[in-house]
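Let me begin by presenting the structure, written as structure tokens, before commenting on it.
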Amino acid sequence: MNNGTHDEFAHLHVHDDKSLLDGQGKPRSYAERAALLGQPALAVTNHGNLHTAMEHWKSCNSVGVKPIIGCEFYVAPGEAENKTRADWGPGDPDRVAEDGDNPGIGGRGAYTHLTVLAQNSAGLRNLYRLQAGAYDRGFYSKPRIDDSALAEHSEGLIVLSGCAGSAISTRLRLGQQHQASVLADHYKQVFGERFLIEVMHHGIPFEDALNRDLLGLASRHSLKVVATNDSHYCDPHDSFVHSALLCVQTQSTLAKPVFQFSGSGYHIASRAEMEAKPLPVEALDNTLMIVEMVESYDSVFERKLRFPAVELPDGWDEAEALWALIEEGLESRLGEVPSDYWDQGRYEHKVICDMGYAPYFIPLHYIIKEAKKRGIPIGPGRGSAGGSLVAYALGITDLDPIVHRLIFERFLNPERKSLPDIDIDVDESRRDEFIQMVREMYGDEFVAQICTYGTIGAKNALKDANRVLGGTNEKGLWYSSQLPPAKFGRSPSLKEYTGPKDEVYELATGLEGTTRNEGIHAAAVVMSPVPLRDLLPLRRPGGDSSEPWVTGFDMHEVESLGLVKMDFLGLRNLGIIDECLRVLTVRGGEQLLLPCLPDECNDRATYELLSSGFTLGVFQLDSPGMRGLLRQLKPSRFDDISAVLALYRPGPMGANAHTEYARRKGSNAGWKSEWAIHAELEEALKPALAQSYGLIVWQEQVLEVLKIVCGWSYAEAALLFDAMRKKNHAKMEATKPEYFASGKSQGYSEEALGELWGVLVPFADYSFNRAHSAGYGLVAYWTAYLKANYPVEYMSAVLSSVAEDPDKLPGYLEEVNRMGIPLLPPDINHSGVGFSPGPKGIHYGISAIKGVGEAVFNAVASKRPFSDLDDFFRRAPAKALNTGSLGALIASGTLDGLTPYREELWFAREALSGRATRDRQERRNGQKPLYRIAYGVGNSNLKSTEQRQEWERTYLSTVLTRSRVDLIPTRALTEDELYWLRDLLLRNPGDHEIQLVIGRVRLDLPSANWPVVQQAVANLGVFQ
């Protein structure tokens, strides 16, 4: 892409958008700009991280620009472990800063900056190690290195003295020449000629004086000087977008920014632009000297398979160890192992070992084995791995692929080498425990979760642009409404925007796609045979050593290095099943075993439930559309469940395959010739298609059909199917002649083969993996079986799983009501953290009460039981007695077992909470009252069905109070109670009467006529 010119300058201090909400440009844009200017090389030096290293390397190489990878590190003012703020003020450089002091150091005394570049592959690996150490040892406000770590990892590094926020520049700006000289000497001793003084100029007032001092320091210490530009965006016209991005970061506006860059020119400048700055010419030329010093990093990014380390018995290789596990597993599962299982096992073993993947399967076997030993629920299988008998023998899946008619080559094709990809479902509530277990088994330095990056999408770009330009939130929502809704999970882009192309839109186009935040992949974990910090950048959220490492590279970059990625996905339903089985085991004494083979999935009540469509809470089968399809299809065997999961998706539904399956199943006529794709093919394909009534439902059936019609192996058939599935028209057209030739050699006509081709090609576009639908079909069957046969225990577990999800809980509570299962109110002494089954129904869980949560429950449970209200207020933990939690406990009826006066307790909650707080403080101070007044509330017998129901809707998402309670005041009402009564009546207008009994006097009053009520009650003299 070079424009033919040669620009004698290279940028060595550049921030892309991985300097989050600070750098605005993308690596590709920077590289293209450098190539356009004819610059020979380009560096990237993001703040505290190397997360863009691979993308920068690829981008530069793609346009013929030499990549230089570096980092602008945060450097601790002392030792990295020292988590105090330093103050380098002129009076006492070593004085610790007090809050509010201005120490003259970045991060309010926490760090300075330093520019460090990798000279070669060894240097790049040292940069990775430094970043990991910054999170491990030095995290304090930012991930920080220190000078000792830099010296320890000095090989292959080039160090520039840094920007105005560096240690040397800070010392000079504070007038501390001696301290600056000491630092310069130190770096020179460690790095020699690989240490240079960095100068830059952006028109900031102090820069002229600082640069004079820096040049003088360089002269006195015989150091070379290099010019940089602190680039934060690509082109000069991006300056406005960058200013807006800083406002996005600081939640401010361009009219009143919290932070903006001083000066100007923070782009990828040309040599001419750099020469116009008051910088020495030799400083510009020295950038080219550094370019010459930098060597290739290719070996760091080389793809090389790196499987987790495997401990093998003495004298065994990985192939022998794997076969021993296969033998042991098959014999354990089957007892007397049939010959076809041994044949398939040997075949898969040979394929796996020939492809070099034995070290992938062995560690995964031990991981799953240990998880099951610890009682962590694991799914029966997910994705194409269910087609592997080796995975079944090793306990990685629980699907017998021979019985389920699954195909190994759909998972691993010996004709096309690609890494195996096995996804493991884990109980969502124990996924963190699972990952911690893997860290313990293989070592913290060898295991990491994989990062994700969130970008500013079109909608947020419009909202952010509108806000920073001073627009209202309402206007921002209006702008975002000019985008179409998301389709199939894909968010719209600004190319689809239909609103005005004004300044908001123009700014939004600059913001769209910029990296906004770092995240953690929901499933992906990487494992390595060597410490990961030697291979890629790592971070640890918040510097917390108890948290797993997270890669700085995304999933695709990690895989491109040849590292093994395993997906451990959280599945809530596994926890539901486990909890239900646990309760049933405790109650019955014997563990209920759930079936894994299709013929064993034969419970009549289960299929009646599925056919009824009342499947709310059943895995994968509880959406309204799915429930409708179940009523139409009326499943009666396991294959029907598997088919429903495959057909209820946009592609098959668009082709009406789901309704056609239901229609054919409902005919009850067995096989019909009219279902045949072609008369010539009917008998040949009947074994493959009869189970699905002549329809091709699963991907594996395509492989079976091609094997039958063309005489191909599954591996050969899989190659054509992959081309069909990926719409690789060139590959399809190239294979088409071979398909027809092979089919004709098997005795089929061109007409029949053409008819079949016309069916296979469109189907492949939306086809579904049978191994996946079988694995998830088992989980669906299990949940339906438990709901049909153990409804109280199962629905209790379902409710517990969504106890703190206000969007899902109400729907499941309504389902419990529909099923006729009594829902019992929460009780402070007896309810569990979640919902719990009992002989009379389901007890409401305390953690499900809005405003309470699990932390409050755990604190309360440690103090139970409470004998009465007084005992509760004296001993309950502070978490339960703040006004928010206390109000939720009162309004939900959780304290009804201690006092029936829910309304009175509600009105007194603030006073009681305050008194409990004071009493706790006095006890801590050793104070004892002369006499103690018991906690309690007066009884006015002022109760209301409507009020309790309103509270319950708010705090429980359902109504538990059923019978009518009259208003029966027996004492003078307080002012709060009086207003509550008025509001209650005004909220319930109408012609019906409200019964008000005061003492022995009964009044029947119109509910909407508050003055009449007030006058009547006042005449009786009960109001204060």
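The chains in the structure tokens are called A, B, ... from first to last as shown; in each chain the residues are counted from 1, and the ligands are counted from 1 in the order shown.
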Run DSSP on the backbone and tell me which residues of range 119-343 of chain A come out as strand (DSSP E or B); list them as a list in words.
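Those residues are Tyr140, Lys142, Arg144, Ile145, Leu157, Ile158, Val159, Leu160, Ser166, Phe195, Leu196, Ile197, Glu198, Val199, Val225, Val226, Ala227, Ser231 and Arg306 of chain A.
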Selected residues written out, all heavy atoms, as a compact mmCIF listing (two decimals), in the first residue's frame:
```
# COMPACT_ATOMS: atom_id res chain seq x y z
N TYR A 140 -2.08 -1.10 41.68
CA TYR A 140 -2.51 -0.08 42.65
C TYR A 140 -3.01 1.09 41.82
O TYR A 140 -2.21 1.86 41.28
CB TYR A 140 -1.35 0.33 43.55
CG TYR A 140 -1.69 1.38 44.59
CD1 TYR A 140 -2.72 1.17 45.50
CD2 TYR A 140 -0.97 2.56 44.66
CE1 TYR A 140 -3.03 2.12 46.45
CE2 TYR A 140 -1.27 3.52 45.62
CZ TYR A 140 -2.31 3.29 46.51
OH TYR A 140 -2.62 4.25 47.46
N LYS A 142 -3.52 1.29 38.94
CA LYS A 142 -3.18 0.76 37.62
C LYS A 142 -2.21 -0.40 37.80
O LYS A 142 -1.56 -0.53 38.84
CB LYS A 142 -2.52 1.84 36.74
CG LYS A 142 -3.34 3.09 36.51
CD LYS A 142 -4.47 2.86 35.53
CE LYS A 142 -5.18 4.18 35.21
NZ LYS A 142 -6.31 3.98 34.26
N ARG A 144 1.22 -1.81 37.67
CA ARG A 144 2.50 -1.08 37.68
C ARG A 144 3.69 -2.04 37.73
O ARG A 144 3.67 -3.04 38.45
CB ARG A 144 2.56 -0.17 38.91
CG ARG A 144 1.35 0.72 39.12
CD ARG A 144 1.45 1.48 40.43
NE ARG A 144 1.75 0.61 41.54
CZ ARG A 144 2.18 1.02 42.74
NH1 ARG A 144 2.35 2.30 42.97
NH2 ARG A 144 2.43 0.15 43.70
N ILE A 145 4.71 -1.70 36.98
CA ILE A 145 5.99 -2.37 37.11
C ILE A 145 6.87 -1.50 38.01
O ILE A 145 6.45 -0.43 38.45
CB ILE A 145 6.66 -2.59 35.75
CG1 ILE A 145 7.04 -1.25 35.11
CG2 ILE A 145 5.77 -3.39 34.82
CD1 ILE A 145 7.91 -1.38 33.86
N LEU A 157 15.02 -5.34 25.26
CA LEU A 157 14.15 -4.17 25.41
C LEU A 157 14.89 -2.88 25.06
O LEU A 157 16.09 -2.74 25.32
CB LEU A 157 13.63 -4.07 26.85
CG LEU A 157 12.76 -5.22 27.35
CD1 LEU A 157 12.28 -4.93 28.77
CD2 LEU A 157 11.57 -5.47 26.42
N ILE A 158 14.16 -1.97 24.46
CA ILE A 158 14.62 -0.61 24.21
C ILE A 158 13.77 0.32 25.05
O ILE A 158 12.53 0.24 25.00
CB ILE A 158 14.48 -0.24 22.71
CG1 ILE A 158 15.32 -1.19 21.84
CG2 ILE A 158 14.87 1.21 22.47
CD1 ILE A 158 15.03 -1.06 20.35
N VAL A 159 14.40 1.16 25.84
CA VAL A 159 13.66 2.02 26.76
C VAL A 159 13.83 3.48 26.37
O VAL A 159 14.96 3.96 26.18
CB VAL A 159 14.14 1.80 28.22
CG1 VAL A 159 13.45 2.79 29.16
CG2 VAL A 159 13.84 0.37 28.65
N LEU A 160 12.70 4.17 26.23
CA LEU A 160 12.69 5.61 26.03
C LEU A 160 12.28 6.25 27.35
O LEU A 160 11.45 5.70 28.08
CB LEU A 160 11.73 6.00 24.92
CG LEU A 160 11.78 5.19 23.62
CD1 LEU A 160 10.84 5.80 22.58
CD2 LEU A 160 13.19 5.11 23.08
N SER A 166 6.58 10.91 32.77
CA SER A 166 7.57 9.91 33.17
C SER A 166 8.29 10.36 34.44
O SER A 166 8.21 11.52 34.86
CB SER A 166 8.59 9.73 32.04
OG SER A 166 9.39 10.89 31.91
N PHE A 195 18.91 2.67 25.83
CA PHE A 195 18.17 3.69 26.57
C PHE A 195 18.37 5.04 25.89
O PHE A 195 19.50 5.47 25.66
CB PHE A 195 18.63 3.76 28.02
CG PHE A 195 18.00 4.91 28.78
CD1 PHE A 195 16.62 5.00 28.93
CD2 PHE A 195 18.80 5.93 29.31
CE1 PHE A 195 16.05 6.07 29.62
CE2 PHE A 195 18.23 6.99 29.99
CZ PHE A 195 16.85 7.07 30.14
N LEU A 196 17.24 5.70 25.56
CA LEU A 196 17.30 6.99 24.88
C LEU A 196 16.38 7.99 25.59
O LEU A 196 15.39 7.60 26.22
CB LEU A 196 16.86 6.88 23.41
CG LEU A 196 17.72 5.99 22.49
CD1 LEU A 196 17.21 4.55 22.52
CD2 LEU A 196 17.70 6.52 21.06
N ILE A 197 16.74 9.25 25.48
CA ILE A 197 15.90 10.31 26.03
C ILE A 197 14.82 10.66 25.01
O ILE A 197 15.10 10.89 23.83
CB ILE A 197 16.74 11.56 26.35
CG1 ILE A 197 17.75 11.24 27.47
CG2 ILE A 197 15.85 12.72 26.77
CD1 ILE A 197 17.12 10.86 28.79
N GLU A 198 13.57 10.66 25.46
CA GLU A 198 12.41 10.89 24.60
C GLU A 198 11.96 12.35 24.71
O GLU A 198 11.77 12.87 25.81
CB GLU A 198 11.26 9.95 25.00
CG GLU A 198 10.01 10.09 24.15
CD GLU A 198 8.93 9.08 24.54
OE1 GLU A 198 9.17 8.27 25.48
OE2 GLU A 198 7.85 9.12 23.93
N VAL A 199 11.80 12.99 23.54
CA VAL A 199 11.28 14.37 23.52
C VAL A 199 10.09 14.43 22.58
O VAL A 199 10.02 13.70 21.58
CB VAL A 199 12.36 15.39 23.08
CG1 VAL A 199 13.45 15.49 24.10
CG2 VAL A 199 12.93 15.03 21.71
N VAL A 225 18.99 11.06 21.75
CA VAL A 225 17.65 11.63 21.90
C VAL A 225 16.79 11.16 20.74
O VAL A 225 17.26 11.08 19.59
CB VAL A 225 17.70 13.17 21.91
CG1 VAL A 225 16.30 13.76 22.07
CG2 VAL A 225 18.62 13.66 23.01
N VAL A 226 15.53 10.81 21.04
CA VAL A 226 14.61 10.36 20.01
C VAL A 226 13.30 11.14 20.13
O VAL A 226 12.83 11.42 21.24
CB VAL A 226 14.37 8.84 20.09
CG1 VAL A 226 13.68 8.46 21.40
CG2 VAL A 226 13.57 8.34 18.90
N ALA A 227 12.73 11.51 19.00
CA ALA A 227 11.49 12.29 18.99
C ALA A 227 10.29 11.37 18.80
O ALA A 227 10.32 10.44 17.99
CB ALA A 227 11.53 13.31 17.85
N SER A 231 0.93 9.81 19.76
CA SER A 231 -0.25 9.76 18.88
C SER A 231 -1.39 8.99 19.54
O SER A 231 -1.20 7.87 20.03
CB SER A 231 0.12 9.10 17.55
OG SER A 231 1.18 9.80 16.94
N ARG A 306 0.14 -26.41 21.21
CA ARG A 306 0.63 -26.39 22.59
C ARG A 306 -0.47 -26.98 23.48
O ARG A 306 -1.36 -26.27 23.95
CB ARG A 306 0.96 -24.96 23.03
CG ARG A 306 2.09 -24.30 22.23
CD ARG A 306 2.27 -22.86 22.66
NE ARG A 306 3.47 -22.23 22.11
CZ ARG A 306 3.49 -21.48 21.02
NH1 ARG A 306 2.37 -21.27 20.34
NH2 ARG A 306 4.62 -20.94 20.60
```
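With only C-alpha atoms as the atoms that count, the minimum distance from Tyr812 in chain A to the choices A:Val618, A:Asn925, A:Ala684, A:Tyr781 is reached by A:Val618.
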Counting only C-alpha atoms, which residues in range 358-467 of chain A sit no more than 10 Å from range 589-599 of chain A? For each one, give the nearest pair of atoms and the distance in Å, sorted by chain then residue number, as a tab-separated table.
```
residue	atom	partner	partner_atom	distance
A:Pro380	CA	A:Cys596	CA	8.1
A:Asp398	CA	A:Cys596	CA	6.9
A:Leu399	CA	A:Cys596	CA	6.7
A:Asp400	CA	A:Leu597	CA	7.4
A:Pro401	CA	A:Leu597	CA	9.9
A:Val403	CA	A:Leu597	CA	7.2
A:His404	CA	A:Pro598	CA	7.1
```
Within 12 Å of Arg627 in chain A using only C-alpha atoms, minus same-chain residues under 6 positions, as a PDB file with C-alpha atoms, in the first residue's frame:
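After the write, selection36.pdb holds the following:
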```pdb
ATOM      1  CA  LEU A 609     -46.542 -33.389  29.563  1.00  0.00           C
ATOM      2  CA  LEU A 610     -44.585 -32.610  26.393  1.00  0.00           C
ATOM      3  CA  SER A 611     -47.656 -33.146  24.208  1.00  0.00           C
ATOM      4  CA  SER A 612     -49.723 -30.828  26.393  1.00  0.00           C
ATOM      5  CA  GLY A 613     -47.282 -27.971  25.773  1.00  0.00           C
ATOM      6  CA  PHE A 614     -47.187 -27.110  29.478  1.00  0.00           C
ATOM      7  CA  THR A 615     -43.408 -27.114  29.378  1.00  0.00           C
ATOM      8  CA  LEU A 616     -42.521 -23.860  31.094  1.00  0.00           C
ATOM      9  CA  GLY A 617     -39.339 -24.703  33.019  1.00  0.00           C
ATOM     10  CA  VAL A 618     -38.386 -27.567  30.682  1.00  0.00           C
ATOM     11  CA  PHE A 619     -34.971 -27.085  29.121  1.00  0.00           C
ATOM     12  CA  GLN A 620     -35.083 -25.644  25.572  1.00  0.00           C
ATOM     13  CA  LEU A 621     -38.834 -26.316  25.319  1.00  0.00           C
ATOM     14  CA  LEU A 633     -46.283 -32.614  17.065  1.00  0.00           C
ATOM     15  CA  LYS A 634     -47.141 -34.567  20.244  1.00  0.00           C
ATOM     16  CA  PRO A 635     -43.770 -36.235  20.929  1.00  0.00           C
ATOM     17  CA  VAL A 644     -37.983 -30.574  17.726  1.00  0.00           C
ATOM     18  CA  LEU A 645     -34.700 -29.041  18.913  1.00  0.00           C
ATOM     19  CA  TYR A 648     -37.469 -25.051  15.793  1.00  0.00           C
TER      20      TYR A 648
END
```
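If you measure from each of A:Thr783, A:Gln251, A:Gln39, A:Gln179 to Phe9 in chain A using only C-alpha atoms, the closest one turns out to be A:Gln39.
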Atom pair CA of Val937 in chain A / CA of Tyr901 in chain A: separation (Å):
7.7 Å
So that I can see what lies close to Val248 in chain A, please list as a PyMOL selection string the residues with an atom at most 12 Å from it, counting only C-alpha atoms and leaving out residues fewer than 3 positions away in the same chain.
chain A and resi 20-22+24+241-245+251-254+257-260+456+460-469+507-508+511+514-516
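One finds CA of Arg405 in chain A at 23.8 Å from CA of Lys726 in chain A.
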Run DSSP on the backbone of this structure and report the residues of range 279-371 of chain A it assigns to helix (DSSP H, G or I), as a count of residues only.
60
